[in-house]
Each structure stands twice: as structure tokens, then as C-alpha cells.
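Remarks on the structure that follows.
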Amino acid sequence: MFQRKHLLGIEGLKREEIDHILDVADSMVEVSKRSVKKVPALRGKTVVNLFFEPSTRTRISFEVAAKRLSADLINFSGSTSSLSKGESFRDTVLNLEAMHPDIFVVRHGAAGAPDYLTTFSDCSVVNAGDGFHEHPTQALLDALTMRQHKGKLDDLKITIVGDILHSRVARSNIFLLTRYNTRVVLSGPPPLVPEEFINMGVEIEYNLDKAVENSDVVMMLRIQKERQTGSFFPSIREYRKYYQLNKERLKKADKDAIVMHPGPINRGIELMKEIADSERSVILNQVSNGIAVRMAVLYLISGGGDEINN
Amino acid sequence: MFQRKHLLGIEGLKREEIDHILDVADSMVEVSKRSVKKVPALRGKTVVNLFFEPSTRTRISFEVAAKRLSADLINFSGSTSSLSKGESFRDTVLNLEAMHPDIFVVRHGAAGAPDYLTTFSDCSVVNAGDGFHEHPTQALLDALTMRQHKGKLDDLKITIVGDILHSRVARSNIFLLTRYNTRVVLSGPPPLVPEEFINMGVEIEYNLDKAVENSDVVMMLRIQKERQTGSFFPSIREYRKYYQLNKERLKKADKDAIVMHPGPINRGIELMKEIADSERSVILNQVSNGIAVRMAVLYLISGGGDEINN
Amino acid sequence: MFQRKHLLGIEGLKREEIDHILDVADSMVEVSKRSVKKVPALRGKTVVNLFFEPSTRTRISFEVAAKRLSADLINFSGSTSSLSKGESFRDTVLNLEAMHPDIFVVRHGAAGAPDYLTTFSDCSVVNAGDGFHEHPTQALLDALTMRQHKGKLDDLKITIVGDILHSRVARSNIFLLTRYNTRVVLSGPPPLVPEEFINMGVEIEYNLDKAVENSDVVMMLRIQKERQTGSFFPSIREYRKYYQLNKERLKKADKDAIVMHPGPINRGIELMKEIADSERSVILNQVSNGIAVRMAVLYLISGGGDEINN
């Protein structure tokens, strides 16, 4: 059972808690397929999207999730606030909290900002991405997508490719997947996949051709072009040559392998265009599952019981 | 009967379909005059305002319309999205669609963008203005306004004045009005009113004094000052002299003629200030009717039946 | 009884009207503490946040208040509107009014803008801050906070410190507090606290140590660093020395004195950090009361009766 007040990261969660969130998310998937896509579970609750980093996609995903639960949703963007007048993060949060919201959904450039928030706020907190630390709802939606397609999270080979070092998505996925009896292999340019990651219970295989062999899931990460400095990787052309998922490489994976990406895709860089649009790609399922997982998380941290529909 | 899934333009519509939208809009006018301005018709539906061109007025009009129908409304603005990270229009739409919205309201600088969207999306689409192509809800609200004041759309003389060439408002109005047995006369500087428009079933009269003679409706378009390049028109002063609707000119129209403008007005340029604020002006009725027409369109493309209030 | 259509300022209000708003606000405080923080009082009403000056905090406070009353809330920001195309304030308002909203909440850099709006609009208007003129809901939330902590608004000594000259908050507070049998003392650098204020029924004491003596309430105003020009005050260091509320000075106030601030605070400038976070500070209560007061005002100007919950 998941009975926490916050979702700050995957790191502290037990396998049973993750399973519970995914089970509730399964029923939320069904809500978004109805004609009337709305349940009254969070009526009269106020959810604040507290985004100190711009992210239209994640913000809208939480906004849709909150509204389908009948919550009131307030968008607060750090860049347009009185932060520019020098007010601190803490003062901003305390001021908003004084308006009696129920849940803060926090995205912040600094790792640990959501955890810090819980030290002085009484509201529930969902981490929507903090620095290079965690992005737990992304890992949960990824897990939900794998479970839908593979029927399980155990006994799989999952290959994660790209800039692992700077990826909160990768970190949250590693925390989650290592709860299961499943093989996680990291690949990418060595400066972006340091050997220390082995301590997290995963394997590293710098040769992408070998890394994808017999994989059930190939998860490509977005390459940040601004990292193309020579110290991380020399050029987009080189990156594409060694780390792009193309048709040849995908053939080495399991014949039913699925391809994932947290988006937005750099088409033709980390992922060949044809693959992004192929049947193998479950990238848009990930987006759909984002709504379901966020509905489940908002519902559960609000103390939601088993009766979603009443 | 209007039973389409999309409203992409006026061009393909039959007269009966237009009449049906306007009839439903008549009942929506009444909703906005109630004390409780809300009907549950679209409860549990998600409408996305997908605006790749800034337009506060049209965006808010659709937002108010959607909320009065009890829909959940998500605003997405192209300029603040991950478009800046290079994501394509198609990827943006597919990502949003994966969140299971019901209707996309699309404004885009490129003609045909809403039509293109329907080729890869399963959602309903309303064109809220695309390049120099169409702005169908504007033409419908204009027609509703004329019908309210003239009791009909047949047997009128309607004069449209200004930059016809670059006006999606004019194009949609021409497509609509030529469905009726009514006289449509275009006027404006010759480079902005090319003779080819005659092929659309309208007349051209470059002399504004003659054009407005006995008109039942004079529709002034907004002049874009950035067109003042010499090739389109030489100066604001010249434009005002030959193409401003002033009191003298309005006297030549029918004694009950109404003056329309899609807004925002350049007061004192295309329209004399006194006329904009006079009883002849129905400009604010157009804005009110915008809500009603957009409610009607959102309702009808959602498969709305005759029972708006239950 | 408060039975007005607008709340433009405190200046014209009777004591009974203020008491009535505060009484209704008391019951609204209770709504925000419920599990379901929502009453249907304004269902089907449209409230427009019409902000021509940026203010995330006040805008969100009105947004939360409107949503807890079940109203539809539309945010309109002056800077992103067609104002940049030259449309006038009046045209902007008339266009929005044609969409049949019920209430305009107006913030504007020009004193009198909300009053002017009522001369051509039929909607209810709430002044959310206009130039150096008034900010009535701030004064009401301040009064509610004082009444909660002191049990009354009569027989108090209230000291207001800082840039009185440029503060609409101070002006509205002075108008309100002088309705009661209470002592209001202003303090701050002489160029920012001109003697003319005495005509409003208050005292002036430039020596802050004397001004706070036996005060029941010390209200600190935010210093605008851009006023540090020599003509208003010479330096932040000088300001801090003579006009910061620090522990020593606060000891001179009544032993149960409360410290107020409209926010956002310049910690360490007008207010010592330790005091802002101490038990004496009611700054976050002010923010909470902001929701309650705004709910009360929106409710009352909509003609709300005694039955808030049905």
C-alpha cells in the first residue's frame, strides 16, 4: 500500500508501494477513456503547479490530471513571480501555503528543493523534477508503460541509453527498476555514463550494439545539444554514429522489444525518425500514462481510498 | 444539420449547416444572459486552446465559451512550449493528444495547419485562424450579428472594406455570405483588393463612396500599419482620406445600416472614432456573439443533440 | 450592511459596511479550512482578473478566492494583450465586458482606473490596487487580521512604518482605521511621510523608537529599493539604521504587539529576519485572510445573501 503524504522520489519506495501506485493508475487509465473524463475524488482540493523551471508538457500533464480529479488547479511560474523582487523560495512557498492549498507539484532546478519544501510546509508535495536528482512520476509512467506491454516488471532486460549522468529520468528509473528482478543496462558515451552507476545495481555496456542485444525495452534519453563540448561528447555526428538507435541496432533487441523516450525527441539524433513513428515506439503511450500516473499519485497522497468514482 | 467533427473553414459548408450553427448559437446567446451562465453539455470534456500565434481576445473567447459549457480548458501557447527545443508541430500535437483531449482549438500562422492536424489526430479541430486562409468562427459570429439586426442574410448589400488580400476574416465572410442571395462588395486600395476576388462571387468597387451606397452592412477591416510600404498603400493619411469610414460616407449607406469590425479597432484610421461608438456600431455585439457561436460550435462538433440544458 | 456593486476603495465606506465585510470574511475563513474547500455561491458567474500591472500574489489570491466560490475565472494580463497593438484600456474592457462577465478585478498603474471603468461598464468592479491610490482588499485583510488577534479595531495603537507616500496599502489602511476609535501613527523618512498625512486623522512620529512605544500593531511597509535616490532616503544602510524593525525596537511596543507586512518582505531591510519568522509576526495570517476577504467581497458585490453554503 502507498500511504505517504508526499512523492519526493522513487529512492525510498518499496516495491509494494510502486505496485500499488501502478494498480491505481490502471484504473485512472480507464477514466481518461470515458466520455465524461472526470471523477469527483479531489473536488474542493487546491493543487498548485509550482514550476521554477519551464516545462509546458509536464505542467499541462499535471493540470489535466488535477482537473480530471475535479481539483482546482493554480499555475504558479517562478519566472513571473515576485522572485525577481528577491523573495526567497521559502517565502514564496509559505505565502502560497497560507492560501490553504492541498498539494504542491514542484519542479525546480535545484536537487532537493521538493524535500526542503516539506521541512517547512504542511502540504503534500509531488516532485515534478528537481535538478539532476529525481523525476518520480516519469519513472512511474515508464513502469506503467512497460507493465502494460510486457505484463510484468520482473525478468526483463531494459537498456537505458544516453546522458545518464545528467538525467533525473534515468536516476528515477534505475531506483524503480532495481526494485524488481530485472536486468538494467546503461549505455552512452563514457563521460556521460560514469562507472559509479554500477553501485546502483545496474550494468554498463558502452557498446550500444551489445547493450541492446535481447533487450525487452530500449529507453532512449534526450541528448542536450549544449553538452556537445568535447568533454562530454565531441559532435552530434559522432553521437549519432555510436549512440543513435537505428534500425540495424534495434534488430539486435528482442523481436517484441519496445522503444521508449521521455520526450521531447530530437528526431534523427538519439532516435531514428522511422523508429519514433514505428509500432515499436510506445512514446505516446508514455504520455497517456503520464496523466493516469499523476492522477493516481495526486489521489493517493490526498488519502484516497478505494472508491475513486464516488 | 451540422454534424461534422471539425470546423476547419467556411468554404466547404452548406447553407443549411451554417443556418443550423446560427440557430444553436441563438440559444447560446440566451445562456450568457442567465444568472447562472453555465450548462453541463461538455462536462468531463477537455478543450485545448492551441495557439501558435498570440491572440488574447480570441483565446479568451474560446476559454469563456468552453467553461460555460462546463468543459475543462487547457491553454497551450506555442511560444512558451518546447517548440523552442526544436520539437515539431506534429510532435507537439501528438503529445497533447496522448492526454486524451476532445477538441483542439487551433490558431497558427500557417494556412492549412488545422487541416493538417486532422490528418494525424483523432480529436475534433476548430480553426481559430490560420495564416491568410480562414477564421470561420469570426465569419459565423459576423453572420449571427447581421441576422440579429437584419432578420436575414438574403437580399442584403454588404460592403467589406480594407486589406482584403491579407484577411482571413474577409475570406471566411466571403465564403459564408456567397451561400446566400446577397450582394457582397469589396473595397479598399487596389493592391489590397486584387481583381481575382471577383471569382469568389463578389463585386469590387474601389471608390468607397460608391461602394457603401445603400449598403445594409459596412464591415471595416483592421489596417495593419506594417503594410504601409508604398507597395500596398502609401501612408496612413492617404488611407484615411480614401478608405476611412467617416460620417459623410456612412450617410450614403442605408439609413439603418450597421457598422461592423472584427477588432481591435485602429480608432481614427479605418474607422472614425464617432462611428465606432455610435448606435450604428454593432462591434461589441460581434464580441458577445463570439461567445455564443463558439459555444455552439464546440457543442455541435462534440455531437451535441438538441438538449443543451440537461 | 455592505450592499454595493463595487469595491473601489475604503475611502467611501462606512464603519458598518467594513464590519459586515469582515463578518462575512470570518465565515469564509472557515470554508478554506474544510476538507472540501468550495461553496457553490458564484457558480455560473465569470470573474475576470484584469491585471495591467504584474502581481502574481494578488492575482493568485483572487483566483483561489473565485474558484472556492465556484466561479469561472479568466486571467487577463495587460502586457500580453492587444494593448501592444494600441487598443485603449476602454476598448479592452468593453470587449471583455461584451463576453458577459460578472466581476472585473482590476489592478492598474494609474490611480482611478477602476473608478473610470465603472463609468462605462455595467459589471461589478473590485480594485486590486491602482497606482498610489488604494488597495482596499489589502486593508480589509489587514483589519481582519488585527481583529482576529486583538478582538477589536477600537482602542488600539497602530504604527505604520516606511514609504507611506507611495503606498496604496498605507492609504487604504488609514482610510479604514480612522473609521474606528483607534490611534494610527505613521513613521518613516520625512520625505516619504509628508506632514500632509496629518489631515487624514493620523499622527506622525519620525523617530521610530518613539513611534512603536506601546503599539498593539506594527505594520511595516516594503521599501522600494528604486527610491534610494538621495531625495527620498540616502542608502539602505541608513534606512536600516533608522527604520528597520529590529528586536530592540519591538521591545518598546506592547508585550503582545503583532507585526504585519503586506509582502513580499525585504528580509533584513525593513524587517529583521528573526522578527519576520517569530511568533509576533502575523504576516502569513494576512495572506490566509486575503483569500477570506476576497471571497467575502466577491460574494457580497454579487448580491450574496446570508446563505453561503447552499
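Letters A, B, ... go to the chains of the C-alpha cells in the order shown; residues in each chain start at 1; ligands are counted from 1 in the same order.
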
I want to know what sits within 12 Å of Ser231 of chain A, based on only C-alpha atoms, with residues of the same chain fewer than 6 positions away left out; could you give that as an MDAnalysis selection string? chainID A and resid 189:192

Determine which residues of segment 118-214 of chain B DSSP labels as helix (DSSP H, G or I) from the backbone of this structure, then write them out as an NGL selection string. :B and (118-120 or 136-150 or 168-177 or 190-192 or 195-200 or 208-212)

With N, CA and C atoms kept, could you save the residues just selected as a compact mmCIF listing (two decimals), in the first residue's frame?
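The resulting file, part.txt, is shown below:
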# COMPACT_ATOMS: atom_id res chain seq x y z
N THR B 118 -5.75 17.43 -38.65
CA THR B 118 -6.76 16.36 -38.70
C THR B 118 -6.23 15.11 -39.41
N THR B 119 -5.13 15.23 -40.16
CA THR B 119 -4.62 14.06 -40.88
C THR B 119 -3.91 13.09 -39.95
N PHE B 120 -3.51 13.55 -38.77
CA PHE B 120 -2.80 12.63 -37.87
C PHE B 120 -3.40 12.59 -36.47
N PRO B 136 -13.12 30.80 -39.42
CA PRO B 136 -14.55 30.51 -39.60
C PRO B 136 -15.45 30.99 -38.46
N THR B 137 -15.00 30.90 -37.20
CA THR B 137 -15.91 31.35 -36.13
C THR B 137 -16.12 32.86 -36.20
N GLN B 138 -15.15 33.60 -36.74
CA GLN B 138 -15.36 35.04 -36.92
C GLN B 138 -16.47 35.28 -37.95
N ALA B 139 -16.43 34.56 -39.05
CA ALA B 139 -17.48 34.75 -40.07
C ALA B 139 -18.84 34.36 -39.52
N LEU B 140 -18.87 33.31 -38.71
CA LEU B 140 -20.15 32.87 -38.15
C LEU B 140 -20.70 33.89 -37.16
N LEU B 141 -19.83 34.48 -36.35
CA LEU B 141 -20.31 35.48 -35.40
C LEU B 141 -20.73 36.74 -36.15
N ASP B 142 -20.05 37.03 -37.25
CA ASP B 142 -20.48 38.17 -38.06
C ASP B 142 -21.86 37.90 -38.66
N ALA B 143 -22.06 36.68 -39.15
CA ALA B 143 -23.35 36.33 -39.74
C ALA B 143 -24.46 36.37 -38.69
N LEU B 144 -24.14 35.86 -37.50
CA LEU B 144 -25.15 35.89 -36.43
C LEU B 144 -25.54 37.33 -36.11
N THR B 145 -24.55 38.22 -36.09
CA THR B 145 -24.81 39.63 -35.80
C THR B 145 -25.67 40.26 -36.89
N MET B 146 -25.37 39.97 -38.15
CA MET B 146 -26.18 40.51 -39.25
C MET B 146 -27.61 39.98 -39.17
N ARG B 147 -27.74 38.69 -38.90
CA ARG B 147 -29.07 38.07 -38.85
C ARG B 147 -29.89 38.66 -37.72
N GLN B 148 -29.23 38.93 -36.58
CA GLN B 148 -29.96 39.54 -35.46
C GLN B 148 -30.48 40.92 -35.82
N HIS B 149 -29.66 41.69 -36.57
CA HIS B 149 -30.02 43.08 -36.85
C HIS B 149 -30.86 43.25 -38.10
N LYS B 150 -30.66 42.34 -39.06
CA LYS B 150 -31.38 42.48 -40.33
C LYS B 150 -32.47 41.42 -40.49
N ARG B 168 -7.96 36.80 -43.37
CA ARG B 168 -8.70 35.54 -43.27
C ARG B 168 -10.13 35.81 -42.85
N VAL B 169 -10.36 36.92 -42.15
CA VAL B 169 -11.73 37.29 -41.77
C VAL B 169 -12.55 37.56 -43.03
N ALA B 170 -11.98 38.34 -43.96
CA ALA B 170 -12.71 38.65 -45.19
C ALA B 170 -12.98 37.38 -45.99
N ARG B 171 -11.98 36.54 -46.11
CA ARG B 171 -12.15 35.30 -46.89
C ARG B 171 -13.28 34.44 -46.32
N SER B 172 -13.27 34.25 -45.00
CA SER B 172 -14.32 33.41 -44.41
C SER B 172 -15.69 34.06 -44.58
N ASN B 173 -15.74 35.38 -44.44
CA ASN B 173 -17.01 36.07 -44.65
C ASN B 173 -17.51 35.93 -46.08
N ILE B 174 -16.58 36.03 -47.02
CA ILE B 174 -16.99 35.89 -48.42
C ILE B 174 -17.53 34.48 -48.68
N PHE B 175 -16.83 33.48 -48.19
CA PHE B 175 -17.33 32.10 -48.36
C PHE B 175 -18.72 31.95 -47.76
N LEU B 176 -18.95 32.57 -46.63
CA LEU B 176 -20.24 32.42 -45.96
C LEU B 176 -21.34 33.19 -46.69
N LEU B 177 -21.07 34.46 -46.96
CA LEU B 177 -22.14 35.32 -47.48
C LEU B 177 -22.55 34.93 -48.89
N PRO B 190 -6.44 49.27 -54.36
CA PRO B 190 -6.34 48.19 -55.35
C PRO B 190 -5.28 47.12 -55.03
N PRO B 191 -4.09 47.47 -54.54
CA PRO B 191 -3.14 46.38 -54.26
C PRO B 191 -3.61 45.44 -53.17
N LEU B 192 -4.54 45.90 -52.32
CA LEU B 192 -5.05 45.07 -51.22
C LEU B 192 -6.38 44.40 -51.58
N GLU B 195 -8.25 41.97 -58.31
CA GLU B 195 -9.46 41.67 -59.10
C GLU B 195 -9.84 40.20 -59.05
N GLU B 196 -8.86 39.32 -58.74
CA GLU B 196 -9.15 37.89 -58.70
C GLU B 196 -10.28 37.55 -57.74
N PHE B 197 -10.54 38.40 -56.77
CA PHE B 197 -11.61 38.11 -55.82
C PHE B 197 -12.97 38.00 -56.48
N ILE B 198 -13.11 38.61 -57.65
CA ILE B 198 -14.39 38.53 -58.37
C ILE B 198 -14.79 37.07 -58.61
N ASN B 199 -13.78 36.22 -58.77
CA ASN B 199 -14.06 34.79 -58.99
C ASN B 199 -14.76 34.13 -57.80
N MET B 200 -14.73 34.77 -56.66
CA MET B 200 -15.38 34.21 -55.48
C MET B 200 -16.86 34.60 -55.41
N LEU B 208 -14.82 54.07 -52.42
CA LEU B 208 -15.57 53.71 -51.21
C LEU B 208 -16.93 54.40 -51.15
N ASP B 209 -16.96 55.65 -51.62
CA ASP B 209 -18.25 56.37 -51.59
C ASP B 209 -19.31 55.60 -52.37
N LYS B 210 -18.92 55.08 -53.52
CA LYS B 210 -19.88 54.29 -54.30
C LYS B 210 -20.14 52.93 -53.65
N ALA B 211 -19.08 52.35 -53.08
CA ALA B 211 -19.22 51.00 -52.50
C ALA B 211 -20.25 50.96 -51.38
N VAL B 212 -20.27 52.00 -50.56
CA VAL B 212 -21.18 51.97 -49.41
C VAL B 212 -22.62 52.36 -49.76

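Residues of chain A lying within 7 Å of chain B, counting only C-alpha atoms, are Ser32, Val36, Lys37, Lys38, Thr56, Lys67, Pro264, Leu284, Asn285, Val287, Ser288 and Ile291 of chain A.
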
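Looking only at segment 45-100 of chain C, the set that DSSP places in strand (DSSP E or B) from backbone geometry is Thr46, Val47, Val48, Asn49, Leu50, Phe51, Asp72, Leu73, Ile74, Asn75, Phe76 and Ser77 of chain C.
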
Fewer than 3 positions away in the same chain doesn't count, so skip those; otherwise give me all residues within 7 Å of segment 155-163 of chain A, counting only C-alpha atoms, as a PyMOL selection string. chain A and resi 166-167+181-188+192-193+211-212+215-221+223

Take the residues from that selection and write them out as a PDB file, in the first residue's frame, keeping C-alpha atoms.
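Heads up, here's the output in part_16.pdb:
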ATOM      1  CA  HIS A 166      22.632  14.485 -16.101  1.00  0.00           C
ATOM      2  CA  SER A 167      19.316  12.642 -16.272  1.00  0.00           C
ATOM      3  CA  ASN A 181      14.294  -8.901 -10.549  1.00  0.00           C
ATOM      4  CA  THR A 182      15.136  -7.324 -13.845  1.00  0.00           C
ATOM      5  CA  ARG A 183      18.343  -6.505 -15.728  1.00  0.00           C
ATOM      6  CA  VAL A 184      19.114  -2.821 -16.279  1.00  0.00           C
ATOM      7  CA  VAL A 185      21.914  -1.950 -18.696  1.00  0.00           C
ATOM      8  CA  LEU A 186      23.170   1.594 -19.204  1.00  0.00           C
ATOM      9  CA  SER A 187      24.858   2.734 -22.399  1.00  0.00           C
ATOM     10  CA  GLY A 188      26.165   6.011 -23.789  1.00  0.00           C
ATOM     11  CA  LEU A 192      28.016  10.622 -19.631  1.00  0.00           C
ATOM     12  CA  VAL A 193      27.826   7.102 -18.118  1.00  0.00           C
ATOM     13  CA  ALA A 211      23.834  -3.217 -24.883  1.00  0.00           C
ATOM     14  CA  VAL A 212      20.604  -3.638 -26.848  1.00  0.00           C
ATOM     15  CA  SER A 215      16.569  -6.151 -24.689  1.00  0.00           C
ATOM     16  CA  ASP A 216      12.855  -6.125 -23.967  1.00  0.00           C
ATOM     17  CA  VAL A 217      12.874  -2.354 -23.539  1.00  0.00           C
ATOM     18  CA  VAL A 218      15.176   0.237 -25.069  1.00  0.00           C
ATOM     19  CA  MET A 219      14.792   3.595 -23.368  1.00  0.00           C
ATOM     20  CA  MET A 220      16.480   6.450 -25.235  1.00  0.00           C
ATOM     21  CA  LEU A 221      17.186   9.700 -23.398  1.00  0.00           C
ATOM     22  CA  ILE A 223      20.551  14.451 -25.797  1.00  0.00           C
TER      23      ILE A 223
END

Polymer residues at most 10 Å from Asn49 of chain B, only C-alpha atoms, same-chain spacing of 5 or more positions, as a PyMOL selection string: chain B and resi 58-60+62-63+66+73-77+103-107+126+128

How would the residues just picked look written out with C-alpha atoms as a CSV table (one decimal), in the first residue's frame?
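What landed in result_25.csv:
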chain,number,residue,atom,x,y,z
B,58,THR,CA,-9.9,35.0,-29.4
B,59,ARG,CA,-8.2,32.7,-26.9
B,60,ILE,CA,-10.3,34.2,-24.1
B,62,PHE,CA,-12.9,30.2,-26.6
B,63,GLU,CA,-12.0,29.9,-23.0
B,66,ALA,CA,-15.7,26.2,-23.1
B,73,LEU,CA,-9.9,24.2,-20.7
B,74,ILE,CA,-6.2,23.9,-21.2
B,75,ASN,CA,-4.3,26.9,-22.6
B,76,PHE,CA,-1.2,25.9,-24.7
B,77,SER,CA,0.8,28.7,-26.2
B,103,ILE,CA,-11.2,19.3,-29.0
B,104,PHE,CA,-8.2,21.3,-30.3
B,105,VAL,CA,-8.9,25.0,-31.0
B,106,VAL,CA,-6.0,25.9,-33.3
B,107,ARG,CA,-4.6,29.2,-34.2
B,126,VAL,CA,-11.8,24.1,-34.6
B,128,ALA,CA,-9.3,29.8,-34.8
